[in-house]
Amino acid sequence: MEKTSKKTINQVLPVGQKVQIAKDGYVKLPVSLDTDQEVLFVPTDSGYRLITLIQDVKRVYIEVTTKCNFACITCIRSSWQDELTHMEWSTFEKILNSLKELPDLESVHFGGFGEPLLHPRIFDMLKAVKELGLNVEMITNGSFLREEVIQKLIGLQVDVLFTSLDSPEEEEYNEIRQGANFQSVYSNIVNLQAMKRERRTKKPELGIEFVAMKKNFDRLPKLIRMAWDLKASQVIVTNLLPYHESMKDEIVYDTDDTGAMFGCHSYESLLISLKANMSNMKLRTERYCKFVQDKSLCINHKGNVSPCYPLMHTYQCYVYGRQKQMYPCYLGNVNEKTLREIWMDSGYVNFRQTVNDYRFPSCTDCRMLDGCNYTDSNEMDCWANSPSCAECLWARRIIACP
Ligand SMILES: C[S@@+](CC[C@H](N)C(=O)[O-])C[C@H]1O[C@@H](n2cnc3c(N)ncnc32)[C@H](O)[C@@H]1O
Ligand code: SF4
Ligand code: SF4
Ligand code: SF4
């Protein structure tokens, strides 16, 4: 058996190799492996797989509220059964203490499904995380970016501020973002950029997110141009994940004509200069889970920890027009355990390994799809994975987020 170093143990130990197993399934490696690191011992068809337990969380997403002052026609919040509440300060304090125990942590993103700037203590939260020396990002609907709010965000040196802009045109934007006022949000963004210039600072960098659907797709080039004029540093174009029957025919993936739209050099160079993050518009067999593979975890407003955004809430969505019931996957709650304990939990380690190894089937490539009942929900797939990632459009980069 080869010697192992910190990050390399993820190998199969032949059946017959003697190891000591504790009641919770953890083992100490045999002395011959020359390490005293904790590893998880997982039986496989060909032997026993040893997975090193490392606190290597790099990114944490925090949903500080599920409340919002808008009612966007795209939004999950009107189709779910979850409560609309702010995160308790005591829950946030638990998270904060936990973040200090994660040596590889690089960034914290304030997002989720609600409007973060509505939380009464959002600035205390941003400040506390900034003081840990981490990169801090936030996504907002842009409606609360008044002058004093912008001054605070600049003062805190928040690293990136994403603002959602679902159309560059007033009437269309107001129709998609119900309760919103395009002129007001647009001038807030203009003010943000002007005030940064006045204070001679680049932070917070401006990011723009656009949800592509049939009704606004033709405006994408104009949106990209607007983002350029606003000096945004990045644009995220995601496809719509319909949460309502009324939205299920609005999807534009698999009808890709971005090649034609951006077929001229000036747009191509614009996209590159803006670091535009375009979602795939056609379903491709390659899979990449940015949450698991980039070592992220998500914490919802109640303190529940999930591996990703899609597994944070109970809701219905439509995949190629088929209704799918989604159940959350909670691996622990920060009010009861530290993030370190939750991250190292054997169930979570196993789940990440399954996703990293692509040990889940692909419904969208499957000939049995039409007659298959597994796809009615994400509870289980035909390989007995639970929850199932088999039909996840985030793993196909069809749905994107910061
Ligand atoms: C849920 S919002 C939360 C943050 C904030 N309230 C906002 O709107 O920016 C996060 C992002 O998800 C996007 N989004 C909303 N509904 C979506 C859907 N059905 N499919 C894909 N993205 C969606 C929003 O446009 C926004 O850019
Ligand atoms: S602003 Fe954000 S959270 Fe609020 S309804 Fe729109 S997408 Fe949902
Ligand atoms: S769960 Fe059903 S549709 Fe998905 S891969 Fe398995 S058999 Fe195919
Ligand atoms: S593949 Fe999808 S459902 Fe599975 S962990 Fe990644 S984002 Fe979540």
# chains A, B, ... in the order shown; residues from 1 in each chain; ligands from 1
>>> select_by_dssp(residues="region 118-318 of chain A", states="strand (DSSP E or B)", output="PyMOL selection string")
chain A and resi 135-140+160-164+205-212+234-239+277-278+296-299+304-306+315-318
>>> write_last_selection(atoms="C-alpha atoms", output="mmCIF file, in the first residue's frame")
data_model
loop_
_atom_site.group_PDB
_atom_site.id
_atom_site.type_symbol
_atom_site.label_atom_id
_atom_site.label_comp_id
_atom_site.auth_asym_id
_atom_site.auth_seq_id
_atom_site.Cartn_x
_atom_site.Cartn_y
_atom_site.Cartn_z
ATOM 1 C CA ASN A 135 -14.721 37.559 0.682
ATOM 2 C CA VAL A 136 -18.302 38.702 1.076
ATOM 3 C CA GLU A 137 -20.899 38.728 -1.690
ATOM 4 C CA MET A 138 -24.593 39.516 -1.706
ATOM 5 C CA ILE A 139 -27.430 39.343 -4.224
ATOM 6 C CA THR A 140 -30.254 41.867 -4.098
ATOM 7 C CA VAL A 160 -19.335 41.725 -4.951
ATOM 8 C CA LEU A 161 -22.925 42.913 -5.111
ATOM 9 C CA PHE A 162 -25.168 41.097 -7.592
ATOM 10 C CA THR A 163 -28.320 42.864 -8.709
ATOM 11 C CA SER A 164 -31.046 41.048 -10.596
ATOM 12 C CA GLU A 205 -17.933 45.116 -7.726
ATOM 13 C CA LEU A 206 -21.217 45.016 -9.618
ATOM 14 C CA GLY A 207 -22.588 41.718 -10.886
ATOM 15 C CA ILE A 208 -25.836 41.369 -12.828
ATOM 16 C CA GLU A 209 -28.076 38.294 -12.951
ATOM 17 C CA PHE A 210 -30.624 37.731 -15.726
ATOM 18 C CA VAL A 211 -33.179 34.900 -15.836
ATOM 19 C CA ALA A 212 -33.619 33.910 -19.487
ATOM 20 C CA GLN A 234 -19.772 40.077 -14.395
ATOM 21 C CA VAL A 235 -23.109 38.934 -15.761
ATOM 22 C CA ILE A 236 -24.801 35.656 -14.896
ATOM 23 C CA VAL A 237 -27.367 34.443 -17.392
ATOM 24 C CA THR A 238 -29.384 31.571 -16.007
ATOM 25 C CA ASN A 239 -32.224 29.661 -17.541
ATOM 26 C CA ASN A 277 -21.317 33.515 -17.333
ATOM 27 C CA MET A 278 -23.715 32.078 -19.902
ATOM 28 C CA SER A 296 -19.798 24.779 -0.851
ATOM 29 C CA LEU A 297 -22.678 24.383 1.565
ATOM 30 C CA CYS A 298 -25.937 26.303 1.992
ATOM 31 C CA ILE A 299 -27.666 27.398 5.190
ATOM 32 C CA ASN A 304 -30.671 24.016 8.253
ATOM 33 C CA VAL A 305 -27.628 23.000 6.215
ATOM 34 C CA SER A 306 -28.122 21.660 2.670
ATOM 35 C CA TYR A 315 -41.435 23.022 -3.610
ATOM 36 C CA GLN A 316 -42.649 21.952 -7.028
ATOM 37 C CA CYS A 317 -40.867 22.649 -10.276
ATOM 38 C CA TYR A 318 -41.257 21.701 -13.938
#
>>> residues_around(residues="region 360-372 of chain A", least_positions_apart="3", cutoff="12 Å", atoms="only C-alpha atoms", output="PyMOL selection string")
chain A and resi 282-287+319-320+322+351-357+375-378+380-393+395-396
>>> closest_residue(among="A:Tyr309, A:Lys222, A:Gly321, A:Lys202", to="Asp249 (chain A)", atoms="only C-alpha atoms")
A:Gly321
>>> residues_around(residues="His86 (chain A)", least_positions_apart="3", cutoff="9 Å", atoms="only C-alpha atoms", output="PDB file with N, CA, C and O atoms, in the first residue's frame")
ATOM      1  N   GLU A  63     -28.863  32.110   3.647  1.00  0.00           N
ATOM      2  CA  GLU A  63     -30.163  32.700   3.330  1.00  0.00           C
ATOM      3  C   GLU A  63     -30.642  33.398   4.601  1.00  0.00           C
ATOM      4  O   GLU A  63     -31.123  32.739   5.517  1.00  0.00           O
ATOM      5  N   VAL A  64     -30.502  34.721   4.676  1.00  0.00           N
ATOM      6  CA  VAL A  64     -30.805  35.421   5.928  1.00  0.00           C
ATOM      7  C   VAL A  64     -32.297  35.694   6.079  1.00  0.00           C
ATOM      8  O   VAL A  64     -32.758  36.047   7.156  1.00  0.00           O
ATOM      9  N   THR A  65     -33.039  35.578   5.001  1.00  0.00           N
ATOM     10  CA  THR A  65     -34.488  35.788   5.079  1.00  0.00           C
ATOM     11  C   THR A  65     -35.172  35.086   3.911  1.00  0.00           C
ATOM     12  O   THR A  65     -34.548  34.848   2.875  1.00  0.00           O
ATOM     13  N   THR A  66     -36.457  34.784   4.108  1.00  0.00           N
ATOM     14  CA  THR A  66     -37.266  34.306   2.978  1.00  0.00           C
ATOM     15  C   THR A  66     -38.350  35.337   2.669  1.00  0.00           C
ATOM     16  O   THR A  66     -39.255  35.076   1.883  1.00  0.00           O
ATOM     17  N   LYS A  67     -38.257  36.507   3.325  1.00  0.00           N
ATOM     18  CA  LYS A  67     -39.224  37.572   3.037  1.00  0.00           C
ATOM     19  C   LYS A  67     -38.740  38.383   1.841  1.00  0.00           C
ATOM     20  O   LYS A  67     -37.539  38.471   1.599  1.00  0.00           O
ATOM     21  N   TRP A  89     -31.051  36.199  15.032  1.00  0.00           N
ATOM     22  CA  TRP A  89     -29.671  36.634  15.253  1.00  0.00           C
ATOM     23  C   TRP A  89     -28.864  35.523  15.937  1.00  0.00           C
ATOM     24  O   TRP A  89     -27.688  35.297  15.635  1.00  0.00           O
ATOM     25  N   LEU A 118     -33.617  43.107   3.334  1.00  0.00           N
ATOM     26  CA  LEU A 118     -34.785  43.290   4.212  1.00  0.00           C
ATOM     27  C   LEU A 118     -34.475  42.867   5.641  1.00  0.00           C
ATOM     28  O   LEU A 118     -35.226  43.199   6.561  1.00  0.00           O
ATOM     29  N   HIS A 119     -33.405  42.098   5.844  1.00  0.00           N
ATOM     30  CA  HIS A 119     -33.109  41.643   7.214  1.00  0.00           C
ATOM     31  C   HIS A 119     -32.679  42.846   8.050  1.00  0.00           C
ATOM     32  O   HIS A 119     -31.777  43.598   7.651  1.00  0.00           O
ATOM     33  N   PRO A 120     -33.302  43.047   9.226  1.00  0.00           N
ATOM     34  CA  PRO A 120     -32.989  44.248  10.005  1.00  0.00           C
ATOM     35  C   PRO A 120     -31.527  44.339  10.446  1.00  0.00           C
ATOM     36  O   PRO A 120     -31.046  45.435  10.739  1.00  0.00           O
ATOM     37  N   HIS A 301     -32.784  29.935   6.176  1.00  0.00           N
ATOM     38  CA  HIS A 301     -33.158  30.931   7.192  1.00  0.00           C
ATOM     39  C   HIS A 301     -33.391  30.327   8.568  1.00  0.00           C
ATOM     40  O   HIS A 301     -33.347  31.016   9.578  1.00  0.00           O
ATOM     41  N   LYS A 302     -33.633  29.009   8.628  1.00  0.00           N
ATOM     42  CA  LYS A 302     -33.861  28.335   9.909  1.00  0.00           C
ATOM     43  C   LYS A 302     -32.569  27.718  10.466  1.00  0.00           C
ATOM     44  O   LYS A 302     -32.591  27.042  11.482  1.00  0.00           O
TER      45      LYS A 302
END
>>> select_by_dssp(residues="region 30-159 of chain A", states="helix (DSSP H, G or I)", output="count of residues only")
39
>>> residues_near_ligand(ligand="ligand 2", cutoff="8 Å", atoms="only C-alpha atoms and all ligand atoms", output="list in words")
Thr66, Lys67, Cys68, Asn69, Phe70, Ala71, Cys72, Ile73, Thr74, Cys75, Ile76, Arg77, Gly112, Phe113, Gly114, Glu115, Thr140, Asn141, Ser164, Arg177 and Gln178 of chain A
>>> write_last_selection(atoms="N, CA, C and O atoms", output="PDB file, in the first residue's frame")
ATOM      1  N   THR A  66     -36.457  34.784   4.108  1.00  0.00           N
ATOM      2  CA  THR A  66     -37.266  34.306   2.978  1.00  0.00           C
ATOM      3  C   THR A  66     -38.350  35.337   2.669  1.00  0.00           C
ATOM      4  O   THR A  66     -39.255  35.076   1.883  1.00  0.00           O
ATOM      5  N   LYS A  67     -38.257  36.507   3.325  1.00  0.00           N
ATOM      6  CA  LYS A  67     -39.224  37.572   3.037  1.00  0.00           C
ATOM      7  C   LYS A  67     -38.740  38.383   1.841  1.00  0.00           C
ATOM      8  O   LYS A  67     -37.539  38.471   1.599  1.00  0.00           O
ATOM      9  N   CYS A  68     -39.700  39.023   1.173  1.00  0.00           N
ATOM     10  CA  CYS A  68     -39.314  39.873   0.041  1.00  0.00           C
ATOM     11  C   CYS A  68     -40.392  40.911  -0.217  1.00  0.00           C
ATOM     12  O   CYS A  68     -41.574  40.668   0.053  1.00  0.00           O
ATOM     13  N   ASN A  69     -39.992  42.051  -0.754  1.00  0.00           N
ATOM     14  CA  ASN A  69     -40.947  43.105  -1.092  1.00  0.00           C
ATOM     15  C   ASN A  69     -41.437  43.000  -2.537  1.00  0.00           C
ATOM     16  O   ASN A  69     -42.273  43.778  -2.955  1.00  0.00           O
ATOM     17  N   PHE A  70     -40.883  42.059  -3.318  1.00  0.00           N
ATOM     18  CA  PHE A  70     -41.341  41.843  -4.692  1.00  0.00           C
ATOM     19  C   PHE A  70     -42.113  40.519  -4.771  1.00  0.00           C
ATOM     20  O   PHE A  70     -42.047  39.707  -3.829  1.00  0.00           O
ATOM     21  N   ALA A  71     -42.778  40.301  -5.888  1.00  0.00           N
ATOM     22  CA  ALA A  71     -43.448  39.017  -6.131  1.00  0.00           C
ATOM     23  C   ALA A  71     -43.181  38.646  -7.587  1.00  0.00           C
ATOM     24  O   ALA A  71     -44.083  38.639  -8.425  1.00  0.00           O
ATOM     25  N   CYS A  72     -41.923  38.359  -7.896  1.00  0.00           N
ATOM     26  CA  CYS A  72     -41.533  38.068  -9.286  1.00  0.00           C
ATOM     27  C   CYS A  72     -42.287  36.834  -9.801  1.00  0.00           C
ATOM     28  O   CYS A  72     -42.472  35.860  -9.052  1.00  0.00           O
ATOM     29  N   ILE A  73     -42.662  36.872 -11.068  1.00  0.00           N
ATOM     30  CA  ILE A  73     -43.427  35.749 -11.628  1.00  0.00           C
ATOM     31  C   ILE A  73     -42.566  34.491 -11.717  1.00  0.00           C
ATOM     32  O   ILE A  73     -43.078  33.393 -11.838  1.00  0.00           O
ATOM     33  N   THR A  74     -41.244  34.661 -11.663  1.00  0.00           N
ATOM     34  CA  THR A  74     -40.322  33.525 -11.751  1.00  0.00           C
ATOM     35  C   THR A  74     -40.122  32.838 -10.403  1.00  0.00           C
ATOM     36  O   THR A  74     -39.633  31.718 -10.346  1.00  0.00           O
ATOM     37  N   CYS A  75     -40.473  33.519  -9.315  1.00  0.00           N
ATOM     38  CA  CYS A  75     -39.914  33.149  -8.009  1.00  0.00           C
ATOM     39  C   CYS A  75     -40.538  31.905  -7.374  1.00  0.00           C
ATOM     40  O   CYS A  75     -41.749  31.687  -7.424  1.00  0.00           O
ATOM     41  N   ILE A  76     -39.675  31.151  -6.734  1.00  0.00           N
ATOM     42  CA  ILE A  76     -40.044  29.922  -6.031  1.00  0.00           C
ATOM     43  C   ILE A  76     -40.972  30.200  -4.840  1.00  0.00           C
ATOM     44  O   ILE A  76     -41.763  29.370  -4.436  1.00  0.00           O
ATOM     45  N   ARG A  77     -40.870  31.423  -4.279  1.00  0.00           N
ATOM     46  CA  ARG A  77     -41.513  31.683  -2.988  1.00  0.00           C
ATOM     47  C   ARG A  77     -43.013  31.562  -3.048  1.00  0.00           C
ATOM     48  O   ARG A  77     -43.657  31.312  -2.038  1.00  0.00           O
ATOM     49  N   GLY A 112     -29.810  33.076  -1.295  1.00  0.00           N
ATOM     50  CA  GLY A 112     -30.935  32.199  -0.996  1.00  0.00           C
ATOM     51  C   GLY A 112     -32.195  32.718  -1.659  1.00  0.00           C
ATOM     52  O   GLY A 112     -32.131  33.413  -2.681  1.00  0.00           O
ATOM     53  N   PHE A 113     -33.342  32.420  -1.049  1.00  0.00           N
ATOM     54  CA  PHE A 113     -34.624  32.762  -1.673  1.00  0.00           C
ATOM     55  C   PHE A 113     -35.376  33.773  -0.809  1.00  0.00           C
ATOM     56  O   PHE A 113     -36.227  33.416   0.000  1.00  0.00           O
ATOM     57  N   GLY A 114     -35.033  35.025  -0.972  1.00  0.00           N
ATOM     58  CA  GLY A 114     -35.618  36.135  -0.223  1.00  0.00           C
ATOM     59  C   GLY A 114     -34.782  37.360  -0.543  1.00  0.00           C
ATOM     60  O   GLY A 114     -33.875  37.291  -1.382  1.00  0.00           O
ATOM     61  N   GLU A 115     -35.081  38.490   0.076  1.00  0.00           N
ATOM     62  CA  GLU A 115     -34.324  39.707  -0.199  1.00  0.00           C
ATOM     63  C   GLU A 115     -33.433  40.032   1.005  1.00  0.00           C
ATOM     64  O   GLU A 115     -33.922  40.523   2.033  1.00  0.00           O
ATOM     65  N   THR A 140     -29.109  41.048  -4.508  1.00  0.00           N
ATOM     66  CA  THR A 140     -30.254  41.867  -4.098  1.00  0.00           C
ATOM     67  C   THR A 140     -31.144  42.164  -5.298  1.00  0.00           C
ATOM     68  O   THR A 140     -30.687  42.119  -6.443  1.00  0.00           O
ATOM     69  N   ASN A 141     -32.413  42.491  -4.989  1.00  0.00           N
ATOM     70  CA  ASN A 141     -33.292  42.904  -6.087  1.00  0.00           C
ATOM     71  C   ASN A 141     -33.057  44.376  -6.447  1.00  0.00           C
ATOM     72  O   ASN A 141     -33.648  44.887  -7.381  1.00  0.00           O
ATOM     73  N   SER A 164     -30.287  41.765  -9.569  1.00  0.00           N
ATOM     74  CA  SER A 164     -31.046  41.048 -10.596  1.00  0.00           C
ATOM     75  C   SER A 164     -31.673  42.044 -11.555  1.00  0.00           C
ATOM     76  O   SER A 164     -32.324  42.991 -11.124  1.00  0.00           O
ATOM     77  N   ARG A 177     -40.906  41.407 -12.699  1.00  0.00           N
ATOM     78  CA  ARG A 177     -40.602  41.676 -11.277  1.00  0.00           C
ATOM     79  C   ARG A 177     -41.772  42.457 -10.687  1.00  0.00           C
ATOM     80  O   ARG A 177     -41.728  43.681 -10.571  1.00  0.00           O
ATOM     81  N   GLN A 178     -42.815  41.723 -10.324  1.00  0.00           N
ATOM     82  CA  GLN A 178     -44.040  42.374  -9.843  1.00  0.00           C
ATOM     83  C   GLN A 178     -43.761  43.121  -8.542  1.00  0.00           C
ATOM     84  O   GLN A 178     -43.156  42.566  -7.622  1.00  0.00           O
TER      85      GLN A 178
END
>>> residues_around(residues="region 38-44 of chain A", least_positions_apart="6", cutoff="6 Å", atoms="only C-alpha atoms", output="NGL selection string")
:A and (26 or 50-53)
>>> write_last_selection(atoms="C-alpha atoms", output="PDB file, in the first residue's frame")
ATOM      1  CA  TYR A  26     -14.945   5.826  11.473  1.00  0.00           C
ATOM      2  CA  LEU A  50     -11.213   5.229   2.563  1.00  0.00           C
ATOM      3  CA  ILE A  51     -12.247   8.864   2.321  1.00  0.00           C
ATOM      4  CA  THR A  52     -10.166  11.377   4.250  1.00  0.00           C
ATOM      5  CA  LEU A  53     -12.179  13.673   6.482  1.00  0.00           C
TER       6      LEU A  53
END
>>> residues_around(residues="Ser90 (chain A)", least_positions_apart="6", cutoff="10 Å", atoms="only C-alpha atoms", output="PyMOL selection string")
chain A and resi 96+303+335
>>> atom_distance(atom1="CA of Leu132 (chain A)", atom2="CA of Val57 (chain A)")
15.0 Å
>>> residues_near_ligand(ligand="ligand 4", cutoff="6 Å", atoms="only C-alpha atoms and all ligand atoms", output="list in words")
Cys289, Phe291, Val292, Pro307, Cys308, Pro310, Leu311, Cys389, Cys392, Trp394 and Ala395 of chain A
>>> closest_residue(among="A:Glu169, A:Glu148, A:Ser279, A:Gly111", to="ligand 1", atoms="only C-alpha atoms and all ligand atoms")
A:Gly111
>>> atom_distance(atom1="CA of Val349 (chain A)", atom2="atom 8 (Fe, counted along the ligand's line) of ligand 3")
25.2 Å
>>> closest_residue(among="A:Ala194, A:Leu156, A:Leu165, A:Ala232", to="ligand 1", atoms="only C-alpha atoms and all ligand atoms")
A:Leu165
>>> atom_distance(atom1="CA of Ile251 (chain A)", atom2="CA of Asn181 (chain A)")
24.5 Å
>>> closest_residue(among="A:Arg146, A:His244, A:Arg59, A:Arg359", to="ligand 3", atoms="only C-alpha atoms and all ligand atoms")
A:Arg359
